[in-house]
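File shown: start-v7.cif (mmCIF, N, CA and C atoms and all ligand atoms).
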```cif
data_my_file
#
loop_
_atom_site.label_atom_id
_atom_site.label_comp_id
_atom_site.auth_asym_id
_atom_site.auth_seq_id
_atom_site.Cartn_x
_atom_site.Cartn_y
_atom_site.Cartn_z
N MET A 1 37.36 -12.67 -12.14
CA MET A 1 36.06 -12.71 -12.78
C MET A 1 36.16 -13.50 -14.08
N LYS A 2 35.15 -14.33 -14.30
CA LYS A 2 35.09 -15.12 -15.52
C LYS A 2 33.72 -14.90 -16.15
N ILE A 3 33.70 -14.75 -17.46
CA ILE A 3 32.44 -14.52 -18.17
C ILE A 3 32.19 -15.69 -19.11
N GLN A 4 30.98 -16.25 -18.99
CA GLN A 4 30.62 -17.39 -19.84
C GLN A 4 29.28 -17.13 -20.51
N LEU A 5 29.12 -17.70 -21.71
CA LEU A 5 27.86 -17.57 -22.44
C LEU A 5 26.87 -18.61 -21.96
N ALA A 6 25.59 -18.25 -21.99
CA ALA A 6 24.53 -19.18 -21.58
C ALA A 6 23.26 -18.84 -22.35
N GLY A 7 22.44 -19.86 -22.58
CA GLY A 7 21.15 -19.64 -23.20
C GLY A 7 20.27 -18.81 -22.28
N ASN A 8 19.35 -18.07 -22.88
CA ASN A 8 18.53 -17.16 -22.09
C ASN A 8 17.11 -17.11 -22.64
N ASN A 9 16.12 -17.19 -21.75
CA ASN A 9 14.72 -17.14 -22.17
C ASN A 9 14.05 -15.82 -21.85
N PHE A 10 14.80 -14.89 -21.25
CA PHE A 10 14.21 -13.61 -20.86
C PHE A 10 14.55 -12.53 -21.87
N GLY A 11 13.63 -11.59 -22.06
CA GLY A 11 13.89 -10.46 -22.93
C GLY A 11 13.82 -9.17 -22.14
N GLY A 12 13.90 -8.06 -22.84
CA GLY A 12 13.73 -6.77 -22.19
C GLY A 12 15.03 -6.12 -21.80
N ASP A 13 14.89 -4.96 -21.16
CA ASP A 13 16.06 -4.18 -20.74
C ASP A 13 16.68 -4.79 -19.50
N TRP A 14 17.99 -4.74 -19.44
CA TRP A 14 18.73 -5.29 -18.31
C TRP A 14 19.88 -4.35 -18.00
N THR A 15 20.42 -4.47 -16.81
CA THR A 15 21.56 -3.63 -16.44
C THR A 15 22.82 -4.47 -16.43
N CYS A 16 23.84 -3.99 -17.09
CA CYS A 16 25.12 -4.70 -17.15
C CYS A 16 25.81 -4.66 -15.79
N SER A 17 26.25 -5.82 -15.35
CA SER A 17 26.92 -5.91 -14.05
C SER A 17 28.32 -5.32 -14.08
N VAL A 18 28.90 -5.21 -15.27
CA VAL A 18 30.26 -4.68 -15.38
C VAL A 18 30.26 -3.16 -15.46
N CYS A 19 29.45 -2.60 -16.37
CA CYS A 19 29.51 -1.16 -16.62
C CYS A 19 28.30 -0.39 -16.10
N GLY A 20 27.21 -1.11 -15.75
CA GLY A 20 26.02 -0.45 -15.22
C GLY A 20 25.10 0.11 -16.28
N GLN A 21 25.43 -0.05 -17.57
CA GLN A 21 24.59 0.47 -18.64
C GLN A 21 23.42 -0.49 -18.91
N GLU A 22 22.33 0.08 -19.40
CA GLU A 22 21.20 -0.75 -19.81
C GLU A 22 21.49 -1.37 -21.16
N PHE A 23 21.02 -2.59 -21.33
CA PHE A 23 21.14 -3.23 -22.63
C PHE A 23 19.98 -4.20 -22.81
N GLN A 24 19.80 -4.66 -24.03
CA GLN A 24 18.70 -5.55 -24.37
C GLN A 24 19.16 -6.99 -24.23
N LEU A 25 18.44 -7.77 -23.42
CA LEU A 25 18.77 -9.19 -23.31
C LEU A 25 18.45 -9.91 -24.61
N ASP A 26 19.22 -10.93 -24.93
CA ASP A 26 19.01 -11.68 -26.16
C ASP A 26 18.96 -13.18 -25.85
N MET A 27 18.84 -13.99 -26.90
CA MET A 27 18.70 -15.44 -26.75
C MET A 27 19.91 -16.09 -26.08
N VAL A 28 21.04 -15.45 -26.19
CA VAL A 28 22.25 -15.90 -25.49
C VAL A 28 22.77 -14.71 -24.70
N THR A 29 23.12 -14.94 -23.45
CA THR A 29 23.64 -13.87 -22.62
C THR A 29 25.01 -14.24 -22.08
N ALA A 30 25.79 -13.22 -21.76
CA ALA A 30 27.11 -13.43 -21.15
C ALA A 30 26.95 -13.18 -19.66
N ILE A 31 27.38 -14.14 -18.86
CA ILE A 31 27.21 -14.04 -17.41
C ILE A 31 28.57 -14.00 -16.73
N ALA A 32 28.73 -13.04 -15.85
CA ALA A 32 29.99 -12.91 -15.09
C ALA A 32 29.89 -13.68 -13.78
N TYR A 33 30.97 -14.34 -13.43
CA TYR A 33 31.08 -15.09 -12.17
C TYR A 33 32.32 -14.64 -11.44
N ASP A 34 32.26 -14.64 -10.10
CA ASP A 34 33.47 -14.33 -9.34
C ASP A 34 34.33 -15.58 -9.21
N ASP A 35 35.44 -15.46 -8.52
CA ASP A 35 36.40 -16.58 -8.44
C ASP A 35 35.83 -17.79 -7.69
N ASP A 36 34.79 -17.55 -6.86
CA ASP A 36 34.14 -18.66 -6.16
C ASP A 36 33.06 -19.33 -7.01
N GLY A 37 32.86 -18.79 -8.22
CA GLY A 37 31.83 -19.34 -9.09
C GLY A 37 30.44 -18.77 -8.83
N ASP A 38 30.37 -17.77 -7.95
CA ASP A 38 29.07 -17.13 -7.69
C ASP A 38 28.74 -16.16 -8.82
N ARG A 39 27.49 -16.21 -9.25
CA ARG A 39 27.04 -15.35 -10.34
C ARG A 39 27.04 -13.89 -9.92
N ILE A 40 27.67 -13.05 -10.72
CA ILE A 40 27.65 -11.60 -10.49
C ILE A 40 26.49 -10.99 -11.26
N GLY A 41 26.37 -11.37 -12.55
CA GLY A 41 25.27 -10.84 -13.34
C GLY A 41 25.61 -10.85 -14.81
N ASP A 42 24.66 -10.32 -15.60
CA ASP A 42 24.82 -10.33 -17.05
C ASP A 42 25.75 -9.19 -17.51
N VAL A 43 26.38 -9.44 -18.64
CA VAL A 43 27.35 -8.49 -19.19
C VAL A 43 26.88 -8.03 -20.56
N CYS A 44 26.95 -6.74 -20.82
CA CYS A 44 26.42 -6.17 -22.06
C CYS A 44 27.39 -6.38 -23.24
N PRO A 45 26.85 -6.29 -24.47
CA PRO A 45 27.69 -6.43 -25.66
C PRO A 45 28.83 -5.42 -25.72
N ALA A 46 28.60 -4.19 -25.23
CA ALA A 46 29.66 -3.18 -25.27
C ALA A 46 30.85 -3.59 -24.42
N CYS A 47 30.58 -4.25 -23.29
CA CYS A 47 31.67 -4.74 -22.44
C CYS A 47 32.39 -5.90 -23.11
N LEU A 48 31.62 -6.77 -23.79
CA LEU A 48 32.26 -7.86 -24.53
C LEU A 48 33.15 -7.29 -25.62
N GLU A 49 32.67 -6.22 -26.26
CA GLU A 49 33.46 -5.57 -27.31
C GLU A 49 34.74 -4.97 -26.71
N ALA A 50 34.61 -4.38 -25.52
CA ALA A 50 35.79 -3.80 -24.84
C ALA A 50 36.80 -4.89 -24.49
N GLY A 51 36.29 -6.08 -24.22
CA GLY A 51 37.17 -7.21 -23.92
C GLY A 51 37.82 -7.12 -22.55
N PRO A 52 38.58 -8.15 -22.18
CA PRO A 52 39.25 -8.17 -20.88
C PRO A 52 40.19 -6.98 -20.67
N GLU A 53 40.69 -6.40 -21.78
CA GLU A 53 41.60 -5.25 -21.65
C GLU A 53 40.82 -3.98 -21.33
N GLY A 54 39.62 -3.85 -21.89
CA GLY A 54 38.85 -2.62 -21.72
C GLY A 54 37.87 -2.65 -20.56
N MET A 55 37.56 -3.85 -20.06
CA MET A 55 36.56 -3.95 -19.00
C MET A 55 36.96 -3.28 -17.68
N PRO A 56 38.23 -3.35 -17.26
CA PRO A 56 38.58 -2.70 -15.98
C PRO A 56 38.20 -1.22 -15.94
N GLU A 57 38.42 -0.50 -17.04
CA GLU A 57 38.07 0.91 -17.06
C GLU A 57 36.56 1.09 -16.93
N ARG A 58 35.80 0.24 -17.61
CA ARG A 58 34.35 0.32 -17.52
C ARG A 58 33.88 -0.04 -16.10
N MET A 59 34.55 -0.99 -15.48
CA MET A 59 34.20 -1.37 -14.09
C MET A 59 34.50 -0.23 -13.13
N ARG A 60 35.61 0.48 -13.35
CA ARG A 60 35.94 1.62 -12.47
C ARG A 60 34.89 2.71 -12.57
N GLY A 61 34.42 2.94 -13.80
CA GLY A 61 33.36 3.94 -13.98
C GLY A 61 32.08 3.53 -13.27
N HIS A 62 31.75 2.25 -13.36
CA HIS A 62 30.55 1.74 -12.69
C HIS A 62 30.73 1.81 -11.18
N ALA A 63 31.91 1.45 -10.71
CA ALA A 63 32.18 1.50 -9.26
C ALA A 63 32.02 2.92 -8.73
N GLU A 64 32.50 3.89 -9.50
CA GLU A 64 32.38 5.30 -9.07
C GLU A 64 30.91 5.71 -9.01
N ALA A 65 30.14 5.31 -10.01
CA ALA A 65 28.71 5.63 -10.02
C ALA A 65 28.00 4.97 -8.84
N LEU A 66 28.38 3.73 -8.52
CA LEU A 66 27.79 3.03 -7.38
C LEU A 66 28.14 3.73 -6.07
N ARG A 67 29.40 4.19 -5.95
CA ARG A 67 29.80 4.92 -4.74
C ARG A 67 28.99 6.20 -4.57
N GLU A 68 28.77 6.91 -5.69
CA GLU A 68 28.00 8.15 -5.63
C GLU A 68 26.56 7.84 -5.21
N ARG A 69 26.00 6.78 -5.79
CA ARG A 69 24.64 6.38 -5.44
C ARG A 69 24.56 5.99 -3.97
N ALA A 70 25.56 5.23 -3.51
CA ALA A 70 25.59 4.82 -2.10
C ALA A 70 25.66 6.04 -1.19
N SER A 71 26.45 7.03 -1.59
CA SER A 71 26.57 8.24 -0.81
C SER A 71 25.24 8.98 -0.74
N ASN A 72 24.55 9.08 -1.88
CA ASN A 72 23.23 9.72 -1.91
C ASN A 72 22.22 8.95 -1.07
N LEU A 73 22.28 7.63 -1.13
CA LEU A 73 21.36 6.81 -0.34
C LEU A 73 21.64 6.95 1.15
N ARG A 74 22.93 7.06 1.52
CA ARG A 74 23.31 7.26 2.92
C ARG A 74 22.76 8.59 3.42
N ALA A 75 22.89 9.63 2.60
CA ALA A 75 22.39 10.95 2.98
C ALA A 75 20.87 10.91 3.13
N MET A 76 20.19 10.20 2.22
CA MET A 76 18.74 10.09 2.30
C MET A 76 18.34 9.31 3.55
N ALA A 77 19.08 8.25 3.87
CA ALA A 77 18.79 7.45 5.07
C ALA A 77 18.96 8.30 6.33
N ASP A 78 20.02 9.13 6.36
CA ASP A 78 20.23 10.02 7.50
C ASP A 78 19.07 11.00 7.66
N TRP A 79 18.63 11.57 6.52
CA TRP A 79 17.50 12.51 6.55
C TRP A 79 16.24 11.81 7.05
N MET A 80 16.01 10.56 6.59
CA MET A 80 14.83 9.81 7.02
C MET A 80 14.85 9.58 8.52
N ASP A 81 16.01 9.21 9.06
CA ASP A 81 16.13 9.01 10.51
C ASP A 81 15.79 10.30 11.25
N GLN A 82 16.33 11.43 10.76
CA GLN A 82 16.07 12.72 11.41
C GLN A 82 14.59 13.07 11.37
N GLU A 83 13.97 12.90 10.19
CA GLU A 83 12.54 13.23 10.05
C GLU A 83 11.69 12.31 10.92
N ALA A 84 12.05 11.03 10.98
CA ALA A 84 11.31 10.08 11.81
C ALA A 84 11.43 10.47 13.28
N ASP A 85 12.62 10.90 13.69
CA ASP A 85 12.82 11.33 15.07
C ASP A 85 12.01 12.58 15.39
N ARG A 86 11.94 13.53 14.43
CA ARG A 86 11.18 14.77 14.65
C ARG A 86 9.69 14.47 14.76
N GLY A 87 9.20 13.53 13.93
CA GLY A 87 7.79 13.14 13.99
C GLY A 87 6.83 14.24 13.61
N LEU A 88 7.26 15.21 12.82
CA LEU A 88 6.40 16.32 12.41
C LEU A 88 6.00 16.15 10.94
N ILE A 89 5.13 15.17 10.70
CA ILE A 89 4.74 14.87 9.32
C ILE A 89 3.33 15.34 9.06
N GLU A 90 3.19 16.18 8.04
CA GLU A 90 1.87 16.62 7.59
C GLU A 90 1.55 15.84 6.33
N ALA A 91 0.39 15.18 6.30
CA ALA A 91 0.03 14.37 5.13
C ALA A 91 -1.47 14.29 4.97
N PRO A 92 -1.95 14.20 3.70
CA PRO A 92 -3.38 13.95 3.49
C PRO A 92 -3.71 12.55 3.98
N THR A 93 -4.98 12.32 4.29
CA THR A 93 -5.40 10.97 4.66
C THR A 93 -5.55 10.13 3.39
N LEU A 94 -5.64 8.82 3.57
CA LEU A 94 -5.87 7.94 2.43
C LEU A 94 -7.19 8.30 1.75
N GLY A 95 -8.19 8.61 2.56
CA GLY A 95 -9.50 9.00 2.02
C GLY A 95 -9.40 10.26 1.17
N GLU A 96 -8.64 11.25 1.63
CA GLU A 96 -8.46 12.48 0.84
C GLU A 96 -7.77 12.17 -0.48
N TRP A 97 -6.79 11.29 -0.44
CA TRP A 97 -6.09 10.91 -1.68
C TRP A 97 -7.06 10.23 -2.65
N ARG A 98 -7.87 9.28 -2.11
CA ARG A 98 -8.81 8.56 -2.97
C ARG A 98 -9.82 9.53 -3.60
N THR A 99 -10.31 10.46 -2.79
CA THR A 99 -11.25 11.45 -3.31
C THR A 99 -10.61 12.28 -4.42
N ALA A 100 -9.39 12.69 -4.21
CA ALA A 100 -8.68 13.49 -5.22
C ALA A 100 -8.46 12.68 -6.50
N VAL A 101 -8.15 11.40 -6.35
CA VAL A 101 -7.95 10.54 -7.53
C VAL A 101 -9.26 10.43 -8.30
N ASN A 102 -10.35 10.18 -7.58
CA ASN A 102 -11.66 10.04 -8.24
C ASN A 102 -12.04 11.34 -8.96
N GLU A 103 -11.77 12.49 -8.33
CA GLU A 103 -12.06 13.78 -8.96
C GLU A 103 -11.21 13.98 -10.21
N ALA A 104 -9.96 13.55 -10.15
CA ALA A 104 -9.07 13.70 -11.31
C ALA A 104 -9.58 12.87 -12.48
N TYR A 105 -10.05 11.63 -12.18
CA TYR A 105 -10.60 10.80 -13.26
C TYR A 105 -11.88 11.41 -13.81
N ALA A 106 -12.73 11.97 -12.93
CA ALA A 106 -14.01 12.55 -13.35
C ALA A 106 -13.80 13.77 -14.24
N GLU A 107 -12.68 14.47 -14.04
CA GLU A 107 -12.39 15.69 -14.84
C GLU A 107 -11.86 15.36 -16.21
N ARG A 108 -11.55 14.11 -16.48
CA ARG A 108 -10.99 13.73 -17.79
C ARG A 108 -12.00 13.87 -18.90
ZN ZN B 1 28.58 -3.41 -19.83
#
```
As structure tokens, how would this structure be written, given the file I've shared?
Amino acid sequence: MKIQLAGNNFGGDWTCSVCGQEFQLDMVTAIAYDDDGDRIGDVCPACLEAGPEGMPERMRGHAEALRERASNLRAMADWMDQEADRGLIEAPTLGEWRTAVNEAYAER
């Protein structure tokens, strides 16, 4: 992985590709690339502060969080398949939802 600085025209919150933490984009951003030169994503100031020596630990933490998220998503996907197969869904109609929304606004 190689990280290079680049000018940036976007602002707002962003997620660090190395550690997964949110950070504020600035006029210059640090971008990580893999060995093929493909862009991985932006890197936060805390990771730059950690430097090449500290980044592996931050990456391991992010990797663990991603694995946990993937596991939760897999479980949710399995549940969705099961529910879709059962086909026993009770739900209000779109019209009932719209009526309820209109009533909620009228009660304000
Ligand atoms: Zn980071």
Exercise. Could you report the residues within 5 Å of ligand ZN 1 (chain B), using only N, CA and C atoms and all ligand atoms, as a VMD selection string?
Key: chain A and resid 16 18 to 20 43 to 44 47
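If you measure from each of A:Ile89, A:Ala46, A:Leu66, A:Ile3 to Asp34 (chain A) using only C-alpha atoms, the closest one turns out to be A:Ile3.
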In chain A, what's strand (DSSP E or B) per DSSP? Answer as a PyMOL selection string?
-> chain A and resi 2-7+13-15+22-24+28-33+39-43
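Atom C of Ser17 (chain A) sits 7.7 Å away from atom N of Met59 (chain A).
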Given 6 Å of margin on each side, can you work out the centre and size in Å (one decimal) of an axis-aligned box holding every listed atom of region 9-21 of chain A, as JSON?
```
{"center_x": 21.9, "center_y": -8.4, "center_z": -18.5, "size_x": 28.6, "size_y": 29.7, "size_z": 20.9}
```
Note to self: Among region 26-101 of chain A, which ones does DSSP assign to alpha helix (DSSP H) (computed from the backbone)? Answer as a VMD selection string.
What the structure shows: chain A and resid 45 to 86 94 to 101
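Residues in contact range of Gly12 (chain A), defined as at most 7 Å between all atoms listed in the file, with sequence neighbours fewer than 2 positions away removed, read A:Phe10, A:Trp14, A:Phe23, A:Gln24, A:Leu25, A:Asp26.
Separating CA of Leu48 (chain A) from atom N of Met27 (chain A) is a distance of 14.9 Å.
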